[in-house]
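Structure below is query_29.cif: mmCIF, C-alpha atoms, pLDDT in the B column; chains and numbers go by the auth columns.
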```cif
data_final
loop_
_atom_site.group_PDB
_atom_site.id
_atom_site.type_symbol
_atom_site.label_atom_id
_atom_site.label_comp_id
_atom_site.label_asym_id
_atom_site.label_seq_id
_atom_site.Cartn_x
_atom_site.Cartn_y
_atom_site.Cartn_z
_atom_site.B_iso_or_equiv
_atom_site.auth_seq_id
_atom_site.auth_asym_id
ATOM 1 C CA MET A 1 40.336 5.613 13.812 58.00 1 A
ATOM 2 C CA ARG A 2 38.251 7.955 11.715 71.00 2 A
ATOM 3 C CA ALA A 3 36.979 11.340 12.911 87.00 3 A
ATOM 4 C CA TRP A 4 33.698 11.597 14.805 89.00 4 A
ATOM 5 C CA VAL A 5 30.613 11.375 12.584 89.00 5 A
ATOM 6 C CA GLU A 6 27.635 13.341 13.923 91.00 6 A
ATOM 7 C CA THR A 7 24.463 11.294 13.399 88.00 7 A
ATOM 8 C CA GLY A 8 22.335 12.698 16.213 88.00 8 A
ATOM 9 C CA ARG A 9 21.871 9.189 17.622 87.00 9 A
ATOM 10 C CA ALA A 10 22.290 8.264 21.274 88.00 10 A
ATOM 11 C CA PHE A 11 23.872 4.863 20.593 88.00 11 A
ATOM 12 C CA THR A 12 26.615 4.756 17.991 92.00 12 A
ATOM 13 C CA ARG A 13 29.889 3.095 17.127 91.00 13 A
ATOM 14 C CA GLU A 14 33.026 4.516 18.727 91.00 14 A
ATOM 15 C CA ASN A 15 33.372 7.109 15.943 91.00 15 A
ATOM 16 C CA GLY A 16 29.701 8.180 15.982 92.00 16 A
ATOM 17 C CA GLU A 17 28.620 6.118 12.965 92.00 17 A
ATOM 18 C CA MET A 18 25.276 4.382 13.071 93.00 18 A
ATOM 19 C CA LEU A 19 25.143 0.897 14.559 94.00 19 A
ATOM 20 C CA HIS A 20 24.131 -1.879 12.173 93.00 20 A
ATOM 21 C CA PRO A 21 20.749 -3.321 13.322 91.00 21 A
ATOM 22 C CA ALA A 22 21.927 -6.950 12.929 94.00 22 A
ATOM 23 C CA ASN A 23 24.895 -6.290 15.246 93.00 23 A
ATOM 24 C CA VAL A 24 22.634 -4.664 17.858 93.00 24 A
ATOM 25 C CA THR A 25 20.252 -7.646 17.749 94.00 25 A
ATOM 26 C CA ARG A 26 23.117 -10.147 17.988 95.00 26 A
ATOM 27 C CA ARG A 27 24.577 -8.352 21.035 94.00 27 A
ATOM 28 C CA PHE A 28 21.134 -8.136 22.661 94.00 28 A
ATOM 29 C CA ILE A 29 20.709 -11.916 22.296 95.00 29 A
ATOM 30 C CA GLU A 30 24.173 -12.497 23.777 96.00 30 A
ATOM 31 C CA LEU A 31 23.298 -10.339 26.782 94.00 31 A
ATOM 32 C CA TYR A 32 19.955 -11.957 27.647 93.00 32 A
ATOM 33 C CA GLU A 33 21.440 -15.436 27.220 95.00 33 A
ATOM 34 C CA GLU A 34 24.438 -14.480 29.391 96.00 34 A
ATOM 35 C CA ILE A 35 22.230 -13.388 32.298 95.00 35 A
ATOM 36 C CA GLY A 36 19.684 -16.188 31.880 94.00 36 A
ATOM 37 C CA LEU A 37 16.613 -14.258 30.735 91.00 37 A
ATOM 38 C CA PRO A 38 14.011 -15.913 28.502 92.00 38 A
ATOM 39 C CA PRO A 39 14.238 -15.115 24.793 91.00 39 A
ATOM 40 C CA VAL A 40 12.630 -11.838 23.749 91.00 40 A
ATOM 41 C CA ARG A 41 12.810 -9.856 20.545 92.00 41 A
ATOM 42 C CA LEU A 42 14.619 -6.540 20.799 89.00 42 A
ATOM 43 C CA HIS A 43 11.603 -4.892 19.157 88.00 43 A
ATOM 44 C CA ASP A 44 9.421 -6.167 22.027 90.00 44 A
ATOM 45 C CA LEU A 45 11.214 -3.689 24.301 90.00 45 A
ATOM 46 C CA ARG A 46 9.596 -0.943 22.228 88.00 46 A
ATOM 47 C CA HIS A 47 6.149 -2.430 22.875 87.00 47 A
ATOM 48 C CA GLY A 48 6.968 -2.749 26.553 88.00 48 A
ATOM 49 C CA ALA A 49 8.157 0.858 26.793 90.00 49 A
ATOM 50 C CA ALA A 50 4.960 2.115 25.155 89.00 50 A
ATOM 51 C CA THR A 51 2.774 -0.042 27.416 87.00 51 A
ATOM 52 C CA LEU A 52 4.577 1.084 30.570 88.00 52 A
ATOM 53 C CA ALA A 53 4.445 4.740 29.503 90.00 53 A
ATOM 54 C CA HIS A 54 0.701 4.408 28.880 87.00 54 A
ATOM 55 C CA ALA A 55 0.124 2.662 32.236 83.00 55 A
ATOM 56 C CA ALA A 56 2.106 5.440 33.946 87.00 56 A
ATOM 57 C CA GLY A 57 -0.308 8.014 32.545 85.00 57 A
ATOM 58 C CA ALA A 58 1.394 9.201 29.360 90.00 58 A
ATOM 59 C CA GLY A 59 -1.066 10.233 26.669 90.00 59 A
ATOM 60 C CA LEU A 60 -1.180 8.421 23.349 91.00 60 A
ATOM 61 C CA LYS A 61 -0.048 11.568 21.535 94.00 61 A
ATOM 62 C CA ASP A 62 3.086 11.735 23.705 94.00 62 A
ATOM 63 C CA ILE A 63 3.764 8.041 23.124 93.00 63 A
ATOM 64 C CA GLN A 64 3.260 8.525 19.381 94.00 64 A
ATOM 65 C CA GLU A 65 5.890 11.256 19.365 94.00 65 A
ATOM 66 C CA MET A 66 8.247 9.217 21.576 93.00 66 A
ATOM 67 C CA LEU A 67 8.092 6.312 19.127 92.00 67 A
ATOM 68 C CA GLY A 68 8.132 8.516 16.024 92.00 68 A
ATOM 69 C CA HIS A 69 4.908 7.206 14.505 92.00 69 A
ATOM 70 C CA SER A 70 3.210 9.149 11.732 94.00 70 A
ATOM 71 C CA SER A 71 -0.242 8.093 12.984 93.00 71 A
ATOM 72 C CA ILE A 72 -1.687 7.864 16.485 92.00 72 A
ATOM 73 C CA THR A 73 -3.705 4.876 15.240 92.00 73 A
ATOM 74 C CA ILE A 74 -0.524 2.827 14.879 89.00 74 A
ATOM 75 C CA THR A 75 0.455 3.742 18.424 89.00 75 A
ATOM 76 C CA ALA A 76 -2.950 2.956 19.902 87.00 76 A
ATOM 77 C CA ASP A 77 -3.597 -0.266 17.979 85.00 77 A
ATOM 78 C CA THR A 78 -0.123 -1.783 17.903 80.00 78 A
ATOM 79 C CA TYR A 79 2.093 -0.506 20.652 71.00 79 A
ATOM 80 C CA THR A 80 -0.090 -0.253 23.697 70.00 80 A
ATOM 81 C CA SER A 81 -1.796 -3.000 25.600 71.00 81 A
ATOM 82 C CA LEU A 82 -3.290 -2.950 29.038 69.00 82 A
ATOM 83 C CA LEU A 83 -1.396 -4.401 31.925 75.00 83 A
ATOM 84 C CA PRO A 84 -3.397 -6.696 34.245 78.00 84 A
ATOM 85 C CA GLU A 85 -3.186 -4.038 36.946 79.00 85 A
ATOM 86 C CA ALA A 86 -4.685 -1.456 34.581 77.00 86 A
ATOM 87 C CA ASP A 87 -7.489 -3.877 33.645 78.00 87 A
ATOM 88 C CA LEU A 88 -8.285 -4.349 37.330 84.00 88 A
ATOM 89 C CA ALA A 89 -8.249 -0.606 38.036 82.00 89 A
ATOM 90 C CA ILE A 90 -10.633 0.046 35.120 83.00 90 A
ATOM 91 C CA ALA A 91 -12.994 -2.740 36.231 87.00 91 A
ATOM 92 C CA GLU A 92 -13.024 -1.445 39.814 90.00 92 A
ATOM 93 C CA ALA A 93 -13.661 2.136 38.666 89.00 93 A
ATOM 94 C CA ALA A 94 -16.590 0.936 36.533 91.00 94 A
ATOM 95 C CA ALA A 95 -17.967 -1.126 39.436 91.00 95 A
ATOM 96 C CA ARG A 96 -17.925 1.951 41.683 91.00 96 A
ATOM 97 C CA LEU A 97 -20.338 3.650 39.262 91.00 97 A
ATOM 98 C CA VAL A 98 -22.971 0.926 39.628 90.00 98 A
ATOM 99 C CA PRO A 99 -25.500 1.726 42.377 85.00 99 A
ATOM 100 C CA ARG A 100 -26.023 -1.149 44.778 79.00 100 A
ATOM 101 C CA ALA A 101 -28.688 -1.946 47.380 69.00 101 A
ATOM 102 C CA GLN A 102 -27.525 -1.976 50.987 62.00 102 A
ATOM 103 C CA ARG A 103 -26.740 -5.444 52.305 61.00 103 A
ATOM 104 C CA VAL A 104 -25.262 -6.324 55.654 57.00 104 A
ATOM 105 C CA LEU A 105 -23.617 -9.720 55.480 58.00 105 A
ATOM 106 C CA ASP A 106 -22.238 -11.740 58.380 57.00 106 A
ATOM 107 C CA GLY A 107 -19.005 -10.046 59.340 56.00 107 A
ATOM 108 C CA ALA A 108 -19.441 -7.095 56.946 55.00 108 A
ATOM 109 C CA ASP A 109 -20.431 -3.544 57.630 55.00 109 A
ATOM 110 C CA PRO A 110 -22.622 -1.453 55.273 55.00 110 A
ATOM 111 C CA SER A 111 -19.557 0.048 53.569 55.00 111 A
ATOM 112 C CA GLY A 112 -18.687 -3.382 52.199 52.00 112 A
ATOM 113 C CA GLU A 113 -15.606 -3.864 54.365 49.00 113 A
ATOM 114 C CA ILE A 114 -15.312 -7.238 56.022 47.00 114 A
ATOM 115 C CA SER A 115 -14.639 -6.989 59.738 47.00 115 A
ATOM 116 C CA GLY A 116 -11.056 -7.535 60.654 46.00 116 A
ATOM 117 C CA SER A 117 -9.763 -7.506 57.074 44.00 117 A
ATOM 118 C CA GLY A 118 -8.573 -3.914 57.187 46.00 118 A
ATOM 119 C CA ALA A 119 -8.892 -3.874 53.401 44.00 119 A
ATOM 120 C CA PRO A 120 -11.078 -1.162 51.896 46.00 120 A
ATOM 121 C CA SER A 121 -13.782 -2.224 49.498 45.00 121 A
ATOM 122 C CA ALA A 122 -13.088 -1.813 45.807 47.00 122 A
ATOM 123 C CA HIS A 123 -16.688 -0.702 45.365 45.00 123 A
ATOM 124 C CA ALA A 124 -18.482 2.508 46.139 44.00 124 A
ATOM 125 C CA PRO A 125 -20.259 2.718 49.476 47.00 125 A
ATOM 126 C CA LEU A 126 -23.413 0.662 49.367 45.00 126 A
ATOM 127 C CA THR A 127 -26.651 2.610 49.349 46.00 127 A
ATOM 128 C CA HIS A 128 -30.244 1.763 50.140 43.00 128 A
ATOM 129 C CA ARG A 129 -33.122 2.703 47.903 45.00 129 A
ATOM 130 C CA SER A 130 -36.016 3.574 50.169 45.00 130 A
ATOM 131 C CA ARG A 131 -38.570 4.247 47.438 47.00 131 A
ATOM 132 C CA LYS A 132 -39.688 1.554 45.066 49.00 132 A
ATOM 133 C CA ARG A 133 -41.742 2.290 42.011 49.00 133 A
ATOM 134 C CA PRO A 134 -45.351 1.344 42.786 50.00 134 A
ATOM 135 C CA ARG A 135 -46.805 -1.452 40.691 52.00 135 A
ATOM 136 C CA THR A 136 -49.881 -0.361 38.814 53.00 136 A
ATOM 137 C CA GLY A 137 -52.268 -2.303 36.645 52.00 137 A
ATOM 138 C CA SER A 138 -51.664 -5.774 35.313 49.00 138 A
ATOM 139 C CA PRO A 139 -48.271 -7.318 34.710 50.00 139 A
ATOM 140 C CA ARG A 140 -46.559 -6.278 31.488 48.00 140 A
ATOM 141 C CA PRO A 141 -47.624 -8.354 28.505 49.00 141 A
ATOM 142 C CA ASN A 142 -45.020 -10.456 26.736 50.00 142 A
ATOM 143 C CA ARG A 143 -43.232 -8.113 24.403 50.00 143 A
ATOM 144 C CA VAL A 144 -41.410 -8.950 21.208 47.00 144 A
ATOM 145 C CA PRO A 145 -37.766 -7.917 21.530 46.00 145 A
ATOM 146 C CA PRO A 146 -36.559 -5.357 18.975 49.00 146 A
ATOM 147 C CA TRP A 147 -34.655 -8.037 17.060 49.00 147 A
ATOM 148 C CA GLY A 148 -37.759 -10.223 16.633 49.00 148 A
ATOM 149 C CA ARG A 149 -39.305 -13.304 18.188 48.00 149 A
ATOM 150 C CA ASN A 150 -37.126 -16.186 19.347 48.00 150 A
ATOM 151 C CA PRO A 151 -37.827 -19.101 16.936 50.00 151 A
ATOM 152 C CA ARG A 152 -37.472 -21.614 19.800 51.00 152 A
ATOM 153 C CA SER A 153 -40.289 -19.954 21.780 49.00 153 A
ATOM 154 C CA ALA A 154 -42.799 -20.136 18.927 49.00 154 A
ATOM 155 C CA ALA A 155 -45.416 -22.740 19.782 45.00 155 A
#
```
So that I can check it, write out the structure of this file as structure tokens.
Amino acid sequence: MRAWVETGRAFTRENGEMLHPANVTRRFIELYEEIGLPPVRLHDLRHGAATLAHAAGAGLKDIQEMLGHSSITITADTYTSLLPEADLAIAEAAARLVPRAQRVLDGADPSGEISGSGAPSAHAPLTHRSRKRPRTGSPRPNRVPPWGRNPRSAA
């Protein structure tokens, strides 16, 4: 066996030399087939790691450095995608910003929680607007939208 070769890599051959990418891919395929996992490209693990790091709160700059990209654009556009849970959290956060009129439904209290469910509402507490803008004058005339008149409505 030859003397240790320092490459600075975490995964190497027994003597420290760099692993050949084709051998790593072949062994990866053997492993996922052996344990019965569906086929996946080894490179997809990189995408998954970036997505999970992003969902866990890592900033894009940190992920860029972790993956060794020269541009944050590559990291943002290619290596991160939102997990369904993150999509839901974003949608719920946006919904909490929308003011809502107070409604009391059968079996619901004003906070939006359904009696007996024990589950908190994903929305902000419902509020009631006590003052409405007074109507003055005649109804608004038909206005032309900024993009022009609808050709179907022309008579």
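With distances taken over only C-alpha atoms, A:His47 is the one residue among A:Lys61, A:Arg100, A:His47, A:His69 lying closest to A:Leu83.
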Selected residue, from A:Ala93, A:Leu42, A:Leu37, A:Leu60, that lies nearest to A:Thr25 when counting only C-alpha atoms: A:Leu42
Atom-to-atom span, atom CA of A:Gly57 and atom CA of A:Arg9, Å: 26.8 Å
Å distance separating atom CA of A:Asp62 from atom CA of A:Leu45, one decimal place: 17.4 Å
